[in-house]
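Read the structure below first, then the notes.
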Amino acid sequence: MSGQKSREANPAMTRAINSDMNRFFHRGPAILCLVLAICSVAILINDLWPFLQNGAGMNALFHPGETDFDQILFHFSTLPRIAMAFICGAGLALAGAAIQTVLRNPLASPTTLGVGAGVEFALTVFLLLAPAALAPFKEAAALAGGMIALGAVYLIASRRANATLWLILAGMIINLMLQSGTQIFLLFNEQYLQSVFMWGAGDLAQNGWDSTQFVLPRLLVGVAVVLLLSRPLDLLALGDDTASSLGARVTILRLLILGFAVFITASVISAAGLIGFIGLAVPAALRIAGLTRSRDLMIYSLLTGGCALLCIDFLVRQMNGLGGDIVPTGAATALIGAPFIILILRKARIMPGQQSEDHHPDQQIVSKNVLSLVLVLGLVTGLGLSLFVSFNGHDFVLLTGGESFHDILLQRSERTFAAIICGAALAVSGTLIQRVGRNPLASPEITGVSSATALAMIIALVFFGFGQRADLMFVGAVGGIISLIILLLLCRKFTHAPHYLLLNGLALTAILGAIVRIALTRSGTQTSMLISWLAGTTYFTRMDEVLIVAGVTVALLIVVIAVRRPLELASFGNDQATSLGLGISGFQFFIMLLAAILAASATLLVGPLSFVGLMAPHLARIAGYRLAGGHLLGAVLIGANVMMVAEWMARNLLYPQQLPTGLIAALIGTAYFLFLAIRKR
């Protein structure tokens, strides 16, 4: 009898415990918001405390003494910075919550969908090129940049079988394209480089109340509109078909809400620069904590985002006070917020368990044999043209004999061969990562290998004074290998969904990029050189270094071709490879190690390059190079050709000024993927 009572009591007890846990779980957002609010009040009291001790607190807050420097500094610098931190955090979190709800995507935000990059690009161009008479239209330019970027992302991703993934991929493409454009303008305006770079990194430092008075009314308008539309937001969260059946005008509502979300984002970035991941992390954390209704999510996002950014900025101010150097708040925020992508990937089941539709045979756009012939001929003839033909802005000029013939030919040879070798190395690295990860959209630059390599070398150069290229190569290779090991550990439980490799790689890249931003702010006079190198330039290469990287690339390519059969088995999946006798875990680590070394070598030679390691193997695969050996060789030919063309264009496109080769390669890559995405719609 007692056993029966115990069995009857257990379900009731379990239900009671579950009920208590559910109540606590739903109280999570309130507890989180309360804790951050208490911390925010404590921060204000901490900054105000010296004045409260001598009875001058009210004066410091409202009427600073004209001869008291501390009161003036607090009233016109510290206090408006606190206010701006809260306003910017609240605005970005609200915009992120609205975008996530409208698009039904927990990874959507102004940062990941290209809105921030669009606003930053538009403002950079406006600040550098627009005459002073057009200053009142700065906000309109920012709004237009954000809307165009978001519109491009939405058009690419709409009507896809896996719209969640395509939104993030399209955002990545637009982000890289716009960031490349921004870097080009910065490199051609070095007199503004440091100030524009700091603004782009997200700087909340204030010298008055002007920025607060600019952003606050715009935020209030955006808040009012979004809250008024909270009920339609609930309908949109149910899906387009359900919302339409309930009488909602889906397209108009979506455009209206997205428009105001971009308006809020543009206003914040105009005043404070790009502050990443508040718009992603805060609403996503609140959803994980149990919020589902749109109105509650918007209100909590507003309050939590404001308090969260205020607390982060307080930590940044303390670091600046200790170190004496400026740490951008936006970079620090990205460093803290980017790990939320990894958390969201583990909490939200948004990924497919199968391969993407990129494997469909109808994507083959050219014949494999024709492409092979064209690539070989193109490489041979292109090499000759790159070495002996240039463009002086008006006419094509043939390099002939003369006193400087050998010097010019040597310089062009160094840069051309560096580009070709790096294109080949990244193509092999990207092919290995794609085949082992069974993900046609993975690559060294997207999985964080290139960023980790660049970061390791920057830290070694700036903080530890490493000057030898051999030492930097070793440090960079170690950084790339560590990055890949971390990525494999993050994805070890999600081998059935290979796109987790991609999105975790994006999160890792964001974290590393934030650290790079912070490191660059401490590089002093080396900033211009490092930004040029980060954009991917062949300008600093030497022939002995080119030969070393060429030797490494050829040796590892031979090794990879020798193991092409196990590589072919690995692309079938873990279960199939294991059943056929392949020790998949050890082989995956070995291949990823080779990929990291290749990416590190290429990064050392010309800097981190975007899209080459993604585009070359992707184009080779859809052109018909299916088997591992052919895939590798096809990717090598494509990567070498793309980088050779990019290097020639970088030298001659804006003669006598020279562009970074990596930026041209990134523009070529984004143009290709935009074409591919539009073609597949």
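Labels used: A, B, ... for chains in the order of the structure tokens, numbers from 1 for residues in each chain, and numbers from 1 for ligands as shown.
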Using only C-alpha atoms, what does the table of stretch 384-455 of chain A residues within 7 Å of stretch 648-670 of chain A look like, with each row giving the shortest atom pair and its distance in Å to one decimal, sorted by chain and ascending number, as a Markdown table?
| residue | atom | partner | partner_atom | distance |
| --- | --- | --- | --- | --- |
| A:Ser386 | CA | A:Trp648 | CA | 5.9 |
| A:Ser390 | CA | A:Asn652 | CA | 6.4 |
| A:Phe391 | CA | A:Asn652 | CA | 5.4 |
| A:Asn392 | CA | A:Tyr655 | CA | 5.8 |
| A:Gly393 | CA | A:Tyr655 | CA | 5.7 |
Please write the residues from the selection above to a file, keeping N, CA, C and O atoms, as an mmCIF file, in the first residue's frame.
data_model
loop_
_atom_site.group_PDB
_atom_site.id
_atom_site.type_symbol
_atom_site.label_atom_id
_atom_site.label_comp_id
_atom_site.auth_asym_id
_atom_site.auth_seq_id
_atom_site.Cartn_x
_atom_site.Cartn_y
_atom_site.Cartn_z
ATOM 1 N N SER A 386 49.919 39.288 -67.051
ATOM 2 C CA SER A 386 50.129 39.915 -65.750
ATOM 3 C C SER A 386 51.555 40.426 -65.597
ATOM 4 O O SER A 386 51.785 41.466 -64.982
ATOM 5 N N SER A 390 50.391 46.141 -68.553
ATOM 6 C CA SER A 390 49.791 46.936 -67.483
ATOM 7 C C SER A 390 48.877 47.984 -68.107
ATOM 8 O O SER A 390 48.831 48.154 -69.328
ATOM 9 N N PHE A 391 48.144 48.676 -67.225
ATOM 10 C CA PHE A 391 47.193 49.687 -67.677
ATOM 11 C C PHE A 391 47.502 50.971 -66.933
ATOM 12 O O PHE A 391 47.526 51.000 -65.695
ATOM 13 N N ASN A 392 47.753 52.037 -67.665
ATOM 14 C CA ASN A 392 48.160 53.290 -67.037
ATOM 15 C C ASN A 392 47.017 54.267 -66.826
ATOM 16 O O ASN A 392 47.231 55.456 -66.585
ATOM 17 N N GLY A 393 45.799 53.784 -66.917
ATOM 18 C CA GLY A 393 44.639 54.650 -66.754
ATOM 19 C C GLY A 393 44.005 55.054 -68.057
ATOM 20 O O GLY A 393 42.837 55.439 -68.097
#
| request: Can you pull out every residue within 6 Å of stretch 539-548 of chain A, counting only C-alpha atoms, but drop anything in the same chain fewer than 2 positions away, and send it as a PyMOL selection string? | output: chain A and resi 414+418+537+550-551
Let's have the selection written as a PDB file, in the first residue's frame, with all heavy atoms.
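Saved to selection.pdb:
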ATOM      1  N   GLU A 414      57.049  38.608 -58.176  1.00  0.00           N
ATOM      2  CA  GLU A 414      56.807  38.328 -56.759  1.00  0.00           C
ATOM      3  C   GLU A 414      55.325  38.422 -56.430  1.00  0.00           C
ATOM      4  O   GLU A 414      54.751  37.523 -55.788  1.00  0.00           O
ATOM      5  CB  GLU A 414      57.604  39.307 -55.888  1.00  0.00           C
ATOM      6  CG  GLU A 414      59.107  39.088 -55.917  1.00  0.00           C
ATOM      7  CD  GLU A 414      59.849  40.174 -55.166  1.00  0.00           C
ATOM      8  OE1 GLU A 414      59.251  41.250 -54.925  1.00  0.00           O
ATOM      9  OE2 GLU A 414      61.028  39.948 -54.821  1.00  0.00           O
ATOM     10  N   ALA A 418      52.876  35.217 -55.882  1.00  0.00           N
ATOM     11  CA  ALA A 418      52.298  35.168 -54.535  1.00  0.00           C
ATOM     12  C   ALA A 418      50.790  34.990 -54.605  1.00  0.00           C
ATOM     13  O   ALA A 418      50.201  34.189 -53.860  1.00  0.00           O
ATOM     14  CB  ALA A 418      52.652  36.438 -53.766  1.00  0.00           C
ATOM     15  N   THR A 537      47.031  41.965 -49.248  1.00  0.00           N
ATOM     16  CA  THR A 537      47.860  42.653 -50.233  1.00  0.00           C
ATOM     17  C   THR A 537      49.119  41.848 -50.536  1.00  0.00           C
ATOM     18  O   THR A 537      49.690  41.201 -49.649  1.00  0.00           O
ATOM     19  CB  THR A 537      48.264  44.052 -49.724  1.00  0.00           C
ATOM     20  OG1 THR A 537      49.094  44.692 -50.690  1.00  0.00           O
ATOM     21  CG2 THR A 537      49.010  43.972 -48.408  1.00  0.00           C
ATOM     22  N   ALA A 550      55.086  28.174 -51.711  1.00  0.00           N
ATOM     23  CA  ALA A 550      54.847  27.299 -52.858  1.00  0.00           C
ATOM     24  C   ALA A 550      55.288  25.874 -52.545  1.00  0.00           C
ATOM     25  O   ALA A 550      54.590  24.900 -52.877  1.00  0.00           O
ATOM     26  CB  ALA A 550      55.586  27.833 -54.082  1.00  0.00           C
ATOM     27  N   GLY A 551      56.454  25.737 -51.898  1.00  0.00           N
ATOM     28  CA  GLY A 551      56.920  24.411 -51.530  1.00  0.00           C
ATOM     29  C   GLY A 551      55.979  23.713 -50.556  1.00  0.00           C
ATOM     30  O   GLY A 551      55.685  22.517 -50.702  1.00  0.00           O
TER      31      GLY A 551
END
| task | Just list the residues in stretch 94-334 of chain A DSSP gives helix (DSSP H, G or I) on the backbone, as a PyMOL selection string. | result | chain A and resi 94-103+115-129+132-157+163-187+190-200+210-228+230-237+240-245+250-272+278-288+294-323+329-334
| Neighbour list for A:Gly57 as a PyMOL selection string, cut-off 12 Å, only C-alpha atoms, skip fewer than 2 positions in-chain | chain A and resi 44-55+59-65+70-71+74-75
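Nearest to A:Leu219 of all the residues A:Ser77, A:Thr292, A:Thr265, A:Thr381 is A:Thr265, counting only C-alpha atoms.
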| message | as a list in words, please: the residues near A:Thr101 (cut-off 9 Å, only C-alpha atoms, same-chain neighbours under 4 positions excluded). | response | Gly96, Ala97, Asn105, Pro106, Ala108, Leu233, Asp234, Leu236, Ala237 and Ser294 of chain A
Non-local contacts of stretch 443-445 of chain A (7 Å; only C-alpha atoms; under 6 positions in same chain excluded) as a PDB file with N, CA, C and O atoms, in the first residue's frame:
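Written output follows (selection.pdb):
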ATOM      1  N   SER A 429      42.872  24.137 -49.221  1.00  0.00           N
ATOM      2  CA  SER A 429      42.366  24.190 -47.850  1.00  0.00           C
ATOM      3  C   SER A 429      40.838  24.168 -47.824  1.00  0.00           C
ATOM      4  O   SER A 429      40.229  23.416 -47.051  1.00  0.00           O
ATOM      5  N   GLY A 430      40.219  24.978 -48.673  1.00  0.00           N
ATOM      6  CA  GLY A 430      38.757  25.006 -48.720  1.00  0.00           C
ATOM      7  C   GLY A 430      38.157  23.686 -49.172  1.00  0.00           C
ATOM      8  O   GLY A 430      37.128  23.237 -48.650  1.00  0.00           O
ATOM      9  N   ILE A 433      38.280  21.193 -46.249  1.00  0.00           N
ATOM     10  CA  ILE A 433      37.283  21.495 -45.222  1.00  0.00           C
ATOM     11  C   ILE A 433      35.883  21.155 -45.713  1.00  0.00           C
ATOM     12  O   ILE A 433      35.059  20.602 -44.978  1.00  0.00           O
ATOM     13  N   GLN A 434      35.592  21.458 -46.964  1.00  0.00           N
ATOM     14  CA  GLN A 434      34.266  21.165 -47.496  1.00  0.00           C
ATOM     15  C   GLN A 434      34.005  19.669 -47.579  1.00  0.00           C
ATOM     16  O   GLN A 434      32.912  19.199 -47.255  1.00  0.00           O
ATOM     17  N   SER A 451      40.942  34.042 -39.808  1.00  0.00           N
ATOM     18  CA  SER A 451      40.882  35.072 -38.763  1.00  0.00           C
ATOM     19  C   SER A 451      41.795  34.719 -37.600  1.00  0.00           C
ATOM     20  O   SER A 451      42.475  35.596 -37.045  1.00  0.00           O
ATOM     21  N   ALA A 599      46.070  27.324 -44.979  1.00  0.00           N
ATOM     22  CA  ALA A 599      45.448  28.640 -44.785  1.00  0.00           C
ATOM     23  C   ALA A 599      46.391  29.594 -44.070  1.00  0.00           C
ATOM     24  O   ALA A 599      46.475  30.782 -44.413  1.00  0.00           O
ATOM     25  N   LEU A 609      42.263  36.311 -46.767  1.00  0.00           N
ATOM     26  CA  LEU A 609      41.512  36.521 -47.997  1.00  0.00           C
ATOM     27  C   LEU A 609      40.108  35.961 -47.843  1.00  0.00           C
ATOM     28  O   LEU A 609      39.920  34.883 -47.282  1.00  0.00           O
ATOM     29  N   SER A 610      39.135  36.673 -48.357  1.00  0.00           N
ATOM     30  CA  SER A 610      37.742  36.251 -48.269  1.00  0.00           C
ATOM     31  C   SER A 610      37.290  35.630 -49.578  1.00  0.00           C
ATOM     32  O   SER A 610      37.604  36.134 -50.655  1.00  0.00           O
ATOM     33  N   GLY A 613      38.854  30.558 -50.760  1.00  0.00           N
ATOM     34  CA  GLY A 613      38.745  29.187 -50.309  1.00  0.00           C
ATOM     35  C   GLY A 613      37.339  28.646 -50.342  1.00  0.00           C
ATOM     36  O   GLY A 613      37.134  27.435 -50.221  1.00  0.00           O
ATOM     37  N   LEU A 614      36.355  29.513 -50.495  1.00  0.00           N
ATOM     38  CA  LEU A 614      34.958  29.079 -50.626  1.00  0.00           C
ATOM     39  C   LEU A 614      34.564  28.946 -52.085  1.00  0.00           C
ATOM     40  O   LEU A 614      33.958  27.947 -52.498  1.00  0.00           O
TER      41      LEU A 614
END
| query | If we count only C-alpha atoms, what is near stretch 593-597 of chain A at a cut-off of 8 Å, once residues fewer than 2 positions away on the same chain are taken out, given as a PyMOL selection string? | reply | chain A and resi 428-430+432-433+444+449+477+480-481+484+556+589-591+599-601
Take the selection from the previous step and output its residues with N, CA and C atoms, as a compact mmCIF listing (two decimals), in the first residue's frame.
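selection.txt, freshly written:
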# COMPACT_ATOMS: atom_id res chain seq x y z
N VAL A 428 42.96 24.47 -52.00
CA VAL A 428 43.14 23.14 -51.42
C VAL A 428 42.58 23.10 -50.01
N SER A 429 42.87 24.14 -49.22
CA SER A 429 42.37 24.19 -47.85
C SER A 429 40.84 24.17 -47.82
N GLY A 430 40.22 24.98 -48.67
CA GLY A 430 38.76 25.01 -48.72
C GLY A 430 38.16 23.69 -49.17
N LEU A 432 39.44 20.67 -48.78
CA LEU A 432 39.56 19.71 -47.68
C LEU A 432 38.49 19.94 -46.63
N ILE A 433 38.28 21.19 -46.25
CA ILE A 433 37.28 21.49 -45.22
C ILE A 433 35.88 21.16 -45.71
N PRO A 444 38.11 28.17 -45.28
CA PRO A 444 39.02 28.64 -44.21
C PRO A 444 38.62 29.98 -43.63
N VAL A 449 39.55 29.95 -39.54
CA VAL A 449 40.98 29.63 -39.62
C VAL A 449 41.78 30.86 -40.04
N ALA A 477 50.28 29.59 -37.91
CA ALA A 477 49.84 28.21 -38.09
C ALA A 477 49.27 27.64 -36.80
N GLY A 480 45.78 29.06 -36.33
CA GLY A 480 44.80 28.43 -37.21
C GLY A 480 44.44 27.03 -36.75
N ILE A 481 45.43 26.26 -36.29
CA ILE A 481 45.17 24.90 -35.83
C ILE A 481 44.31 24.91 -34.57
N LEU A 484 40.70 25.58 -35.51
CA LEU A 484 40.02 24.42 -36.08
C LEU A 484 39.68 23.38 -35.02
N LEU A 556 52.01 19.54 -49.57
CA LEU A 556 50.76 19.11 -48.95
C LEU A 556 49.74 18.67 -49.99
N PHE A 589 40.86 14.90 -38.25
CA PHE A 589 41.83 15.79 -37.60
C PHE A 589 43.05 16.00 -38.49
N PHE A 590 43.54 14.94 -39.11
CA PHE A 590 44.71 15.04 -39.99
C PHE A 590 44.43 15.98 -41.16
N ILE A 591 43.28 15.82 -41.80
CA ILE A 591 42.94 16.66 -42.94
C ILE A 591 42.74 18.11 -42.51
N ALA A 599 46.07 27.32 -44.98
CA ALA A 599 45.45 28.64 -44.78
C ALA A 599 46.39 29.59 -44.07
N ALA A 600 47.12 29.09 -43.07
CA ALA A 600 48.07 29.93 -42.35
C ALA A 600 49.19 30.41 -43.26
N SER A 601 49.68 29.55 -44.12
CA SER A 601 50.75 29.93 -45.04
C SER A 601 50.29 31.02 -46.00
| task | Using only C-alpha atoms, determine which residues lie at most 10 Å from A:Phe260, disregarding the query and same-chain residues fewer than 3 positions distant; provide the list as a PyMOL selection string. | result | chain A and resi 95+98-99+143+147+218-219+221-223+225-226+255-257+263-266
Can you write out the residues you just picked, keeping N, CA and C atoms, as a short mmCIF file (atom, residue, chain, number, x, y, z; two decimals), in the first residue's frame?
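Contents of again_4.cif, as written:
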data_model
loop_
_atom_site.label_atom_id
_atom_site.label_comp_id
_atom_site.auth_asym_id
_atom_site.auth_seq_id
_atom_site.Cartn_x
_atom_site.Cartn_y
_atom_site.Cartn_z
N ALA A 95 15.44 46.59 -32.16
CA ALA A 95 15.49 46.32 -33.60
C ALA A 95 15.75 44.84 -33.86
N ALA A 98 12.58 42.80 -33.19
CA ALA A 98 11.59 42.96 -34.26
C ALA A 98 11.99 42.16 -35.50
N ILE A 99 13.27 42.21 -35.87
CA ILE A 99 13.74 41.49 -37.06
C ILE A 99 13.61 39.99 -36.86
N LEU A 143 20.10 55.43 -43.52
CA LEU A 143 18.87 54.64 -43.62
C LEU A 143 18.80 53.93 -44.97
N MET A 147 18.64 49.84 -45.53
CA MET A 147 17.48 49.26 -46.22
C MET A 147 17.91 48.50 -47.47
N ARG A 218 14.40 59.74 -31.98
CA ARG A 218 14.22 58.72 -33.02
C ARG A 218 13.95 57.35 -32.42
N LEU A 219 14.63 57.07 -31.31
CA LEU A 219 14.36 55.81 -30.62
C LEU A 219 12.93 55.77 -30.10
N VAL A 221 10.31 57.28 -31.28
CA VAL A 221 9.39 57.05 -32.41
C VAL A 221 9.39 55.58 -32.80
N GLY A 222 10.59 54.99 -32.91
CA GLY A 222 10.68 53.58 -33.27
C GLY A 222 10.04 52.68 -32.24
N VAL A 223 10.26 52.98 -30.95
CA VAL A 223 9.65 52.19 -29.88
C VAL A 223 8.13 52.26 -29.97
N VAL A 225 6.16 52.89 -32.51
CA VAL A 225 5.62 52.17 -33.67
C VAL A 225 5.70 50.67 -33.48
N VAL A 226 6.86 50.17 -33.03
CA VAL A 226 7.03 48.73 -32.87
C VAL A 226 6.08 48.18 -31.81
N LEU A 255 7.36 44.89 -44.25
CA LEU A 255 8.16 46.03 -44.71
C LEU A 255 8.11 47.18 -43.71
N LEU A 256 6.95 47.41 -43.11
CA LEU A 256 6.81 48.51 -42.15
C LEU A 256 7.66 48.26 -40.91
N ILE A 257 7.57 47.06 -40.37
CA ILE A 257 8.32 46.76 -39.15
C ILE A 257 9.82 46.71 -39.43
N PHE A 263 15.52 51.83 -39.33
CA PHE A 263 15.57 53.25 -38.95
C PHE A 263 16.23 53.41 -37.58
N ILE A 264 15.85 52.57 -36.62
CA ILE A 264 16.47 52.63 -35.29
C ILE A 264 17.95 52.29 -35.39
N THR A 265 18.28 51.24 -36.13
CA THR A 265 19.68 50.84 -36.28
C THR A 265 20.51 51.94 -36.92
N ALA A 266 19.99 52.54 -37.98
CA ALA A 266 20.71 53.61 -38.66
C ALA A 266 20.95 54.80 -37.74
#
| request: Report the distance between atom CA of A:Phe76 and atom CA of A:Val35 in Å, rounded to one decimal place. | output: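 These two atoms are separated by 27.4 Å.
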| said: Using only C-alpha atoms, can you tell me which of A:Leu371, A:Leu176, A:Met473, A:Cys39 comes closest to A:Ile622? | reply: A:Leu371
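The spacing separating atom CA of A:Leu399 from atom CA of A:Arg415 amounts to 15.8 Å.
Note that the spacing between atom CA of A:Ala122 and atom CA of A:Gly448 amounts to 27.0 Å.
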